[in-house]
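K.L.:
Just structure_37.cif, nothing more (mmCIF, C-alpha atoms):
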data_target
#
loop_
_atom_site.label_atom_id
_atom_site.label_comp_id
_atom_site.auth_asym_id
_atom_site.auth_seq_id
_atom_site.Cartn_x
_atom_site.Cartn_y
_atom_site.Cartn_z
CA MET A 286 -24.86 -14.06 -2.63
CA TYR A 287 -25.96 -14.87 0.90
CA ARG A 288 -24.47 -17.71 2.96
CA ILE A 289 -26.78 -19.74 5.16
CA ALA A 290 -26.12 -22.74 7.44
CA PHE A 291 -28.41 -25.33 9.00
CA CYS A 292 -27.26 -27.20 12.12
CA ASP A 293 -29.47 -29.91 13.60
CA ASP A 294 -28.82 -33.46 14.85
CA ASP A 295 -32.06 -34.63 13.19
CA LYS A 296 -31.40 -35.41 9.51
CA THR A 297 -35.14 -35.29 8.79
CA VAL A 298 -35.27 -31.66 9.93
CA LEU A 299 -32.22 -30.83 7.80
CA SER A 300 -33.89 -32.40 4.79
CA GLU A 301 -37.07 -30.38 5.39
CA LEU A 302 -35.07 -27.16 5.73
CA ASN A 303 -33.21 -27.85 2.51
CA PHE A 304 -36.50 -28.52 0.72
CA LEU A 305 -38.05 -25.27 2.01
CA LEU A 306 -34.93 -23.25 1.14
CA GLU A 307 -34.89 -24.61 -2.40
CA LYS A 308 -38.53 -23.57 -2.87
CA TYR A 309 -37.74 -20.14 -1.42
CA ARG A 310 -34.77 -19.70 -3.77
CA ARG A 311 -36.89 -20.52 -6.81
CA LYS A 312 -39.64 -18.13 -5.72
CA SER A 313 -37.45 -15.21 -4.64
CA LYS A 314 -34.70 -15.57 -7.30
CA ILE A 315 -32.18 -14.73 -4.54
CA GLN A 316 -28.77 -16.40 -4.68
CA ILE A 317 -28.25 -18.31 -1.44
CA GLU A 318 -25.39 -20.68 -0.70
CA CYS A 319 -26.34 -23.37 1.82
CA SER A 320 -24.23 -25.59 4.11
CA VAL A 321 -25.62 -28.34 6.34
CA TYR A 322 -24.16 -29.63 9.62
CA ASN A 323 -25.29 -32.58 11.72
CA SER A 324 -23.32 -31.62 14.83
CA PRO A 325 -22.23 -28.38 16.57
CA PHE A 326 -18.60 -29.56 16.44
CA ASP A 327 -18.62 -29.68 12.63
CA LEU A 328 -20.27 -26.25 12.54
CA THR A 329 -17.76 -24.54 14.86
CA CYS A 330 -14.82 -26.10 12.99
CA GLU A 331 -16.16 -24.70 9.73
CA LEU A 332 -16.77 -21.26 11.26
CA ASP A 333 -13.19 -21.23 12.52
CA ARG A 334 -11.92 -22.15 9.07
CA ARG A 335 -14.00 -19.52 7.30
CA LYS A 336 -13.01 -16.76 9.74
CA GLU A 337 -14.20 -13.43 8.27
CA ARG A 338 -15.98 -15.03 5.30
CA SER A 339 -18.57 -16.53 7.61
CA PHE A 340 -22.26 -17.25 7.22
CA ASP A 341 -24.86 -14.50 7.09
CA ILE A 342 -27.62 -16.65 8.63
CA LEU A 343 -27.52 -19.67 10.93
CA PHE A 344 -30.48 -21.95 11.74
CA LEU A 345 -29.34 -23.66 14.95
CA ASP A 346 -31.10 -26.44 16.85
CA VAL A 347 -31.31 -25.79 20.60
CA LEU A 348 -31.47 -29.39 21.88
CA MET A 349 -28.56 -31.44 20.55
CA PRO A 350 -26.52 -34.26 22.11
CA GLY A 351 -23.42 -33.12 24.00
CA GLN A 352 -23.88 -29.37 23.63
CA ASN A 353 -27.04 -27.30 23.38
CA GLY A 354 -27.51 -24.58 20.80
CA ILE A 355 -27.39 -21.73 23.34
CA SER A 356 -23.86 -22.61 24.46
CA VAL A 357 -22.78 -23.02 20.82
CA ALA A 358 -24.19 -19.58 20.03
CA LYS A 359 -22.28 -18.07 22.97
CA GLU A 360 -19.03 -19.46 21.54
CA ILE A 361 -19.89 -18.10 18.09
CA ARG A 362 -20.66 -14.65 19.50
CA LYS A 363 -17.13 -14.38 20.95
CA CYS A 364 -15.75 -13.97 17.43
CA ASN A 365 -18.78 -13.17 15.27
CA LYS A 366 -21.28 -10.49 16.26
CA LYS A 367 -22.94 -10.15 12.85
CA ILE A 368 -24.30 -13.59 11.99
CA LYS A 369 -28.09 -13.80 12.29
CA ILE A 370 -28.86 -16.75 14.58
CA ILE A 371 -32.29 -18.39 14.37
CA PHE A 372 -32.90 -21.04 17.01
CA LEU A 373 -34.94 -24.12 16.14
CA THR A 374 -36.68 -26.04 18.92
CA SER A 375 -39.75 -27.98 19.92
CA SER A 376 -39.69 -26.42 23.40
CA SER A 377 -40.00 -22.84 24.61
CA ASP A 378 -37.81 -23.52 27.68
CA PHE A 379 -34.78 -21.70 26.25
CA ALA A 380 -36.62 -18.72 24.73
CA VAL A 381 -35.41 -16.25 27.38
CA GLN A 382 -31.81 -17.48 27.16
CA SER A 383 -31.81 -16.94 23.40
CA TYR A 384 -31.87 -13.19 23.96
CA THR A 385 -28.52 -13.35 25.80
CA VAL A 386 -26.81 -14.15 22.49
CA ASN A 387 -28.77 -11.59 20.49
CA ALA A 388 -30.71 -14.22 18.55
CA PHE A 389 -32.69 -12.99 15.55
CA TYR A 390 -35.61 -15.35 16.15
CA TYR A 391 -36.75 -18.36 18.15
CA GLN A 392 -38.55 -20.69 15.75
CA MET A 393 -40.75 -23.49 17.04
CA LYS A 394 -40.82 -26.84 15.21
CA PRO A 395 -42.29 -28.06 12.97
CA ILE A 396 -41.57 -25.28 10.49
CA LEU A 397 -44.34 -24.58 8.00
CA GLU A 398 -43.64 -23.25 4.54
CA GLU A 399 -45.49 -19.99 5.13
CA SER A 400 -43.62 -19.22 8.37
CA PHE A 401 -40.27 -20.20 6.82
CA PHE A 402 -40.81 -17.89 3.85
CA ALA A 403 -41.83 -15.01 6.11
CA LEU A 404 -38.82 -15.61 8.34
CA MET A 405 -36.44 -15.65 5.35
CA ASP A 406 -37.93 -12.41 4.01
CA SER A 407 -37.41 -10.78 7.40
CA VAL A 408 -33.86 -11.97 8.04
CA LEU A 409 -32.66 -11.17 4.50
CA LYS A 410 -34.14 -7.68 4.81
CA GLU A 411 -32.05 -7.26 7.96
CA CYS A 412 -28.96 -8.54 6.13
CA VAL A 413 -29.45 -5.96 3.39
CA LYS A 414 -29.80 -3.23 6.00
CA ASN A 415 -26.51 -4.31 7.61
CA GLU A 416 -24.77 -4.43 4.24
CA ASN A 417 -25.49 -0.74 3.70
CA PRO A 418 -24.83 0.98 7.04
CA SER A 419 -25.30 4.73 7.07
CA LEU A 420 -24.19 7.78 8.99
CA LEU A 421 -26.27 10.77 10.09
CA LEU A 422 -24.54 14.12 9.62
CA ASN A 423 -25.62 17.38 11.21
CA CYS A 424 -24.77 19.72 8.32
CA LYS A 425 -25.36 23.47 7.98
CA ASN A 426 -28.43 22.91 5.81
CA GLY A 427 -29.92 20.21 8.04
CA VAL A 428 -29.51 16.57 8.94
CA THR A 429 -28.22 14.37 6.09
CA ARG A 430 -27.91 10.59 5.93
CA ILE A 431 -25.04 9.13 3.88
CA LYS A 432 -24.29 5.50 3.05
CA LEU A 433 -20.87 4.47 4.31
CA CYS A 434 -20.23 2.63 1.04
CA ASP A 435 -20.38 6.04 -0.71
CA LEU A 436 -17.87 7.69 1.62
CA GLU A 437 -14.43 7.81 -0.05
CA TYR A 438 -12.63 9.56 2.78
CA CYS A 439 -13.06 12.08 5.57
CA GLU A 440 -10.64 14.76 6.67
CA VAL A 441 -10.75 17.14 9.63
CA ARG A 442 -9.79 20.81 9.43
CA GLY A 443 -10.01 22.60 12.72
CA ARG A 444 -13.35 21.51 14.17
CA THR A 445 -14.93 20.72 10.80
CA LEU A 446 -15.24 17.24 9.36
CA ASN A 447 -15.24 17.14 5.56
CA PHE A 448 -16.96 14.05 4.13
CA HIS A 449 -15.86 13.36 0.53
CA LEU A 450 -18.40 11.15 -1.22
CA HIS A 451 -18.04 9.07 -4.37
CA GLY A 452 -18.98 11.34 -7.27
CA GLY A 453 -17.38 14.48 -5.86
CA THR A 454 -19.93 15.69 -3.29
CA VAL A 455 -18.40 17.15 -0.11
CA LEU A 456 -20.45 17.52 3.08
CA GLN A 457 -19.33 19.39 6.19
CA SER A 458 -20.24 18.73 9.79
CA ASN A 459 -18.85 19.86 13.11
CA GLY A 460 -17.24 17.12 15.17
CA ARG A 461 -14.13 15.33 16.34
CA MET A 462 -12.26 12.80 14.21
CA ASP A 463 -11.74 10.53 17.24
CA ASN A 464 -15.49 10.32 17.83
CA LEU A 465 -16.18 9.59 14.16
CA TRP A 466 -13.55 6.86 14.08
CA GLN A 467 -15.00 5.25 17.19
CA SER A 468 -18.42 5.07 15.51
CA ILE A 469 -17.23 3.44 12.25
CA CYS A 470 -14.02 1.57 13.13
CA GLU A 471 -15.88 -1.77 13.20
CA GLN A 472 -16.67 -1.34 9.50
CA LYS A 473 -13.77 -3.29 8.04
CA GLN A 474 -13.44 -1.20 4.87
CA PHE A 475 -12.24 1.85 6.78
CA ALA A 476 -8.67 2.67 7.80
CA ARG A 477 -7.14 5.63 9.60
CA PRO A 478 -3.72 6.13 7.97
CA HIS A 479 -3.30 9.61 9.47
CA ARG A 480 -4.80 11.24 12.56
CA SER A 481 -6.60 13.74 10.30
CA PHE A 482 -7.95 11.24 7.73
CA ILE A 483 -10.22 8.21 7.52
CA VAL A 484 -10.15 6.31 4.21
CA ASN A 485 -12.55 3.83 2.61
CA MET A 486 -10.24 1.07 1.35
CA ASP A 487 -12.71 0.11 -1.38
CA PHE A 488 -11.53 3.25 -3.19
CA ILE A 489 -7.77 2.75 -2.81
CA GLN A 490 -5.85 2.63 -6.09
CA ASN A 491 -2.28 2.71 -4.83
CA ILE A 492 -0.32 2.80 -1.57
CA SER A 493 3.19 4.22 -1.50
CA SER A 494 5.57 4.83 1.39
CA ASN A 495 4.17 8.32 2.04
CA SER A 496 0.66 8.48 0.58
CA ILE A 497 -2.50 6.69 -0.54
CA THR A 498 -3.93 7.45 -3.97
CA LEU A 499 -7.67 6.93 -4.35
CA THR A 500 -9.53 6.08 -7.56
CA SER A 501 -10.59 9.75 -7.67
CA LEU A 502 -6.82 10.55 -7.74
CA GLU A 503 -7.04 12.28 -4.36
CA ARG A 504 -3.89 11.72 -2.29
CA ILE A 505 -4.00 10.97 1.43
CA PRO A 506 -0.78 11.43 3.44
CA VAL A 507 0.68 8.42 5.28
CA PRO A 508 3.35 8.94 7.96
CA ARG A 509 6.38 6.72 7.34
CA SER A 510 5.92 5.20 10.78
CA LYS A 511 2.44 3.93 9.78
CA PHE A 512 3.21 2.73 6.24
CA ALA A 513 3.72 -0.95 7.14
CA GLU A 514 0.60 -1.02 9.31
CA VAL A 515 -1.57 0.60 6.62
CA LYS A 516 -0.19 -1.64 3.88
CA ASN A 517 -0.78 -4.84 5.84
CA GLN A 518 -4.28 -3.71 6.86
CA TYR A 519 -5.15 -3.09 3.22
CA LEU A 520 -3.72 -6.44 2.05
CA ASP A 521 -5.71 -8.29 4.71
CA PHE A 522 -8.83 -6.40 3.67
CA ALA A 523 -8.29 -7.02 -0.05
CA PHE A 524 -7.64 -10.75 0.26
CA GLN A 525 -9.98 -11.74 3.06
CA GLU A 526 -12.86 -9.28 2.76
CA ARG A 527 -13.16 -8.27 -0.87
CA GLY A 528 -12.06 -11.31 -2.82
CA VAL A 529 -8.96 -11.73 -4.97
CA PHE A 530 -6.73 -9.96 -7.44
CA GLU A 531 -7.45 -11.08 -10.96
CA GLY A 532 -5.54 -9.84 -14.01
CA GLY A 533 -4.49 -6.68 -12.20
CA GLY A 534 -8.01 -5.87 -10.99
CA ILE A 535 -10.11 -6.96 -8.06
CA ARG A 536 -13.10 -9.25 -8.20
CA HIS A 537 -15.69 -9.74 -5.45
CA ASP A 538 -18.21 -12.47 -6.27
CA GLY A 539 -17.89 -11.47 -9.92
CA ILE A 540 -18.86 -7.83 -9.31
CA PRO A 541 -16.18 -5.20 -10.04
CA PHE A 542 -15.72 -2.34 -7.59
CA PRO A 543 -16.81 1.15 -8.76
CA ASN A 544 -14.10 2.86 -10.79
CA ARG A 545 -11.61 0.12 -9.89
CA ILE A 546 -8.58 0.27 -12.18
CA ARG A 547 -5.45 -1.86 -12.53
CA LEU A 548 -3.51 -2.18 -9.33
CA ARG A 549 -0.08 -3.60 -8.46
CA VAL A 550 0.67 -4.61 -4.92
CA ARG A 551 4.25 -4.81 -3.69
CA VAL A 552 5.10 -6.30 -0.34
CA ARG A 553 8.39 -7.08 1.36
CA HIS A 554 9.30 -10.69 2.17
CA GLY A 555 8.48 -10.25 5.87
CA ALA A 556 4.95 -9.06 5.17
CA PHE A 557 4.54 -11.80 2.53
CA ARG A 558 5.43 -14.50 5.07
CA GLY A 559 3.09 -12.88 7.59
CA LEU A 560 0.17 -13.09 5.16
CA LEU A 561 1.01 -16.73 4.46
CA ARG A 562 0.91 -17.46 8.19
CA ARG A 563 -2.47 -15.75 8.52
CA GLY A 564 -3.87 -17.92 5.70
CA ALA A 565 -4.64 -15.13 3.23
CA PHE A 566 -3.15 -17.26 0.47
CA THR A 567 -0.78 -20.16 -0.19
CA GLN A 568 2.41 -20.15 -2.22
CA GLU A 569 2.43 -22.12 -5.47
CA GLN A 570 5.71 -21.27 -7.13
CA ASN A 571 8.63 -18.89 -6.99
CA HIS A 572 10.61 -17.55 -9.93
CA ASN A 573 13.00 -14.61 -9.99
CA ARG A 574 11.44 -11.76 -7.95
CA HIS A 575 7.80 -12.72 -8.36
CA ARG A 576 5.63 -15.24 -6.56
CA ALA A 577 2.55 -16.85 -8.08
CA VAL A 578 0.15 -17.43 -5.23
CA ARG A 579 -3.32 -18.77 -4.69
CA PRO A 580 -5.74 -17.14 -2.23
CA ALA A 581 -7.20 -19.39 0.43
CA HIS A 582 -10.61 -19.03 -1.25
CA GLY A 583 -9.56 -20.47 -4.58
CA ASP A 584 -8.59 -18.12 -7.41
CA SER A 585 -5.09 -17.11 -8.49
CA LEU A 586 -3.14 -13.87 -8.47
CA LEU A 587 0.36 -12.61 -9.14
CA LEU A 588 1.93 -10.75 -6.25
CA SER A 589 5.13 -8.81 -6.75
CA VAL A 590 7.60 -9.23 -3.89
CA PHE A 591 10.76 -7.17 -3.35
#
Rewrite the coordinates I just gave you, this time as structure tokens.
P.N.:
Amino acid sequence: MYRIAFCDDDKTVLSELNFLLEKYRRKSKIQIECSVYNSPFDLTCELDRRKERSFDILFLDVLMPGQNGISVAKEIRKCNKKIKIIFLTSSSDFAVQSYTVNAFYYQMKPILEESFFALMDSVLKECVKNENPSLLLNCKNGVTRIKLCDLEYCEVRGRTLNFHLHGGTVLQSNGRMDNLWQSICEQKQFARPHRSFIVNMDFIQNISSNSITLTSLERIPVPRSKFAEVKNQYLDFAFQERGVFEGGGIRHDGIPFPNRIRLRVRVRHGAFRGLLRRGAFTQEQNHNRHRAVRPAHGDSLLLSVF
């Protein structure tokens, strides 16, 4: 499912964009969720509310009353570097400025069906590429590319990095863990619970006070001083990035994670209140030592608190 937004002060343009998108959805069979905004204020308020679950693509008018699209895009870029911004305009005056906010495209009006379809094909292809980032490894038998989604964890021994992939494959490459972490730390599924380990949180089965157990049953050490930090990072990731807990499992847009098994999460009252403040979920009821809670995005879960 891709999320797309149209923002234009001209309702006729918004209607045309909706019409073209509907035709594109029927032709491509791609699931696309669409939101429409008639003012930049409404758009920025919605982006602030959505936080990490933002739009993938934004069609943004350049010339709007009160605030032009370039300045809106600059505000968006302060907190969102990934969204693909496509400017819409009847003038080429702002074309150069559009590059200062890393715009994906500068589309002149009126938008024809053929150009809209080609633009959607191009931007969705880029979205797919960003969804599956990869890493180039200089291994003993040559250069190897791995998808980060397949990397369960990495450990360093001496000057050798050992990359453990889903399925059991282990690749070795010379390097420093600090340099590797710097190159992938912006990928939100990765955590560094120990100076010698990087873990893909999509493969976490259990977190205890001294270790992380992965779905492959590998155990990663966690220093006691980092337990609270790692636990809270994982809870934020699970709730805000990968959906909700459902019947002991995890659901993300209806697609189960690979090898995901039943998982219980236990958090202390302080961490629970912290997650409430950050909007990860809202409290519904309290009985005995359990709290039934509802994630901010809609579904329900049972979180054990002690």
K.L.:
Convert the output of the PyMOL selection byres ((chain A and resi 429-432) around 9) on the shown file into explicit residues, formatted as a ChimeraX atom specification.
P.N.:
/A:417-424,426-428,433-436,450,456
K.L.:
Check which residues satisfy the PyMOL selection byres ((chain A and resi 344) around 9) in the file shown, then give them as a VMD selection string.
P.N.:
chain A and resid 289 to 293 342 to 343 345 to 346 369 to 373
K.L.:
Between atom CA of Asp487 of chain A and atom CA of Val441 of chain A, measure the distance and give it in Å to one decimal.
P.N.:
20.4 Å
K.L.:
Please identify all polymer residues within 8 Å of segment 383-386 of chain A, counting all atoms listed in the file, omitting same-chain residues fewer than 6 positions from it, and present them as an MDAnalysis selection string.
P.N.:
chainID A and resid 355 358:359 362 372
K.L.:
Do a neighbour search on segment 508-512 of chain A at 10 Å with all atoms listed in the file, toss out local chain neighbours closer than 6 positions, and write the hits as a ChimeraX atom specification.
P.N.:
/A:477-480,492-497,518
K.L.:
Counting all atoms listed in the file, note down every residue that has an atom within 12 Å of the point (-11.7, 0.7, 9.8) (file coordinates), as a PyMOL selection string.
P.N.:
chain A and resi 433+438+465-478+482-487+515+518-519+521-522
K.L.:
May I ask for the distance between atom CA of Tyr322 of chain A and atom CA of Glu416 of chain A, given in Å to one decimal place?
P.N.:
25.8 Å
K.L.:
Enter the distance from atom CA of Gly460 of chain A to atom CA of Thr445 of chain A, in Å, rounded to one decimal.
P.N.:
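Here the two named atoms are 6.1 Å from each other.
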K.L.:
From the list A:Ser320, A:Val413, A:Gln392, A:Val357, which residue is nearest Thr374 of chain A when using only C-alpha atoms?
P.N.:
A:Gln392
K.L.:
From the options A:Leu302, A:Glu437, A:Asn464, A:Asp294, which residue's atoms come nearest to Leu502 of chain A, counting only C-alpha atoms?
P.N.:
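Ranked by minimum distance to Leu502 of chain A, first place goes to A:Glu437.
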K.L.:
Compare A:Arg504, A:Lys394, A:Lys363, A:His449 by their minimum atom-to-atom distance to Ser377 of chain A, counting all atoms listed in the file, and give me the closest one.
P.N.:
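Residue with the minimum atom-to-atom distance to Ser377 of chain A: A:Lys394.
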K.L.:
Tell me which protein, DNA and RNA residues are within 10 Å of Ile315 of chain A, counting only C-alpha atoms, leaving out same-chain ones fewer than 3 positions away, and put them as a PyMOL selection string.
P.N.:
chain A and resi 286-287+309-312+318+409
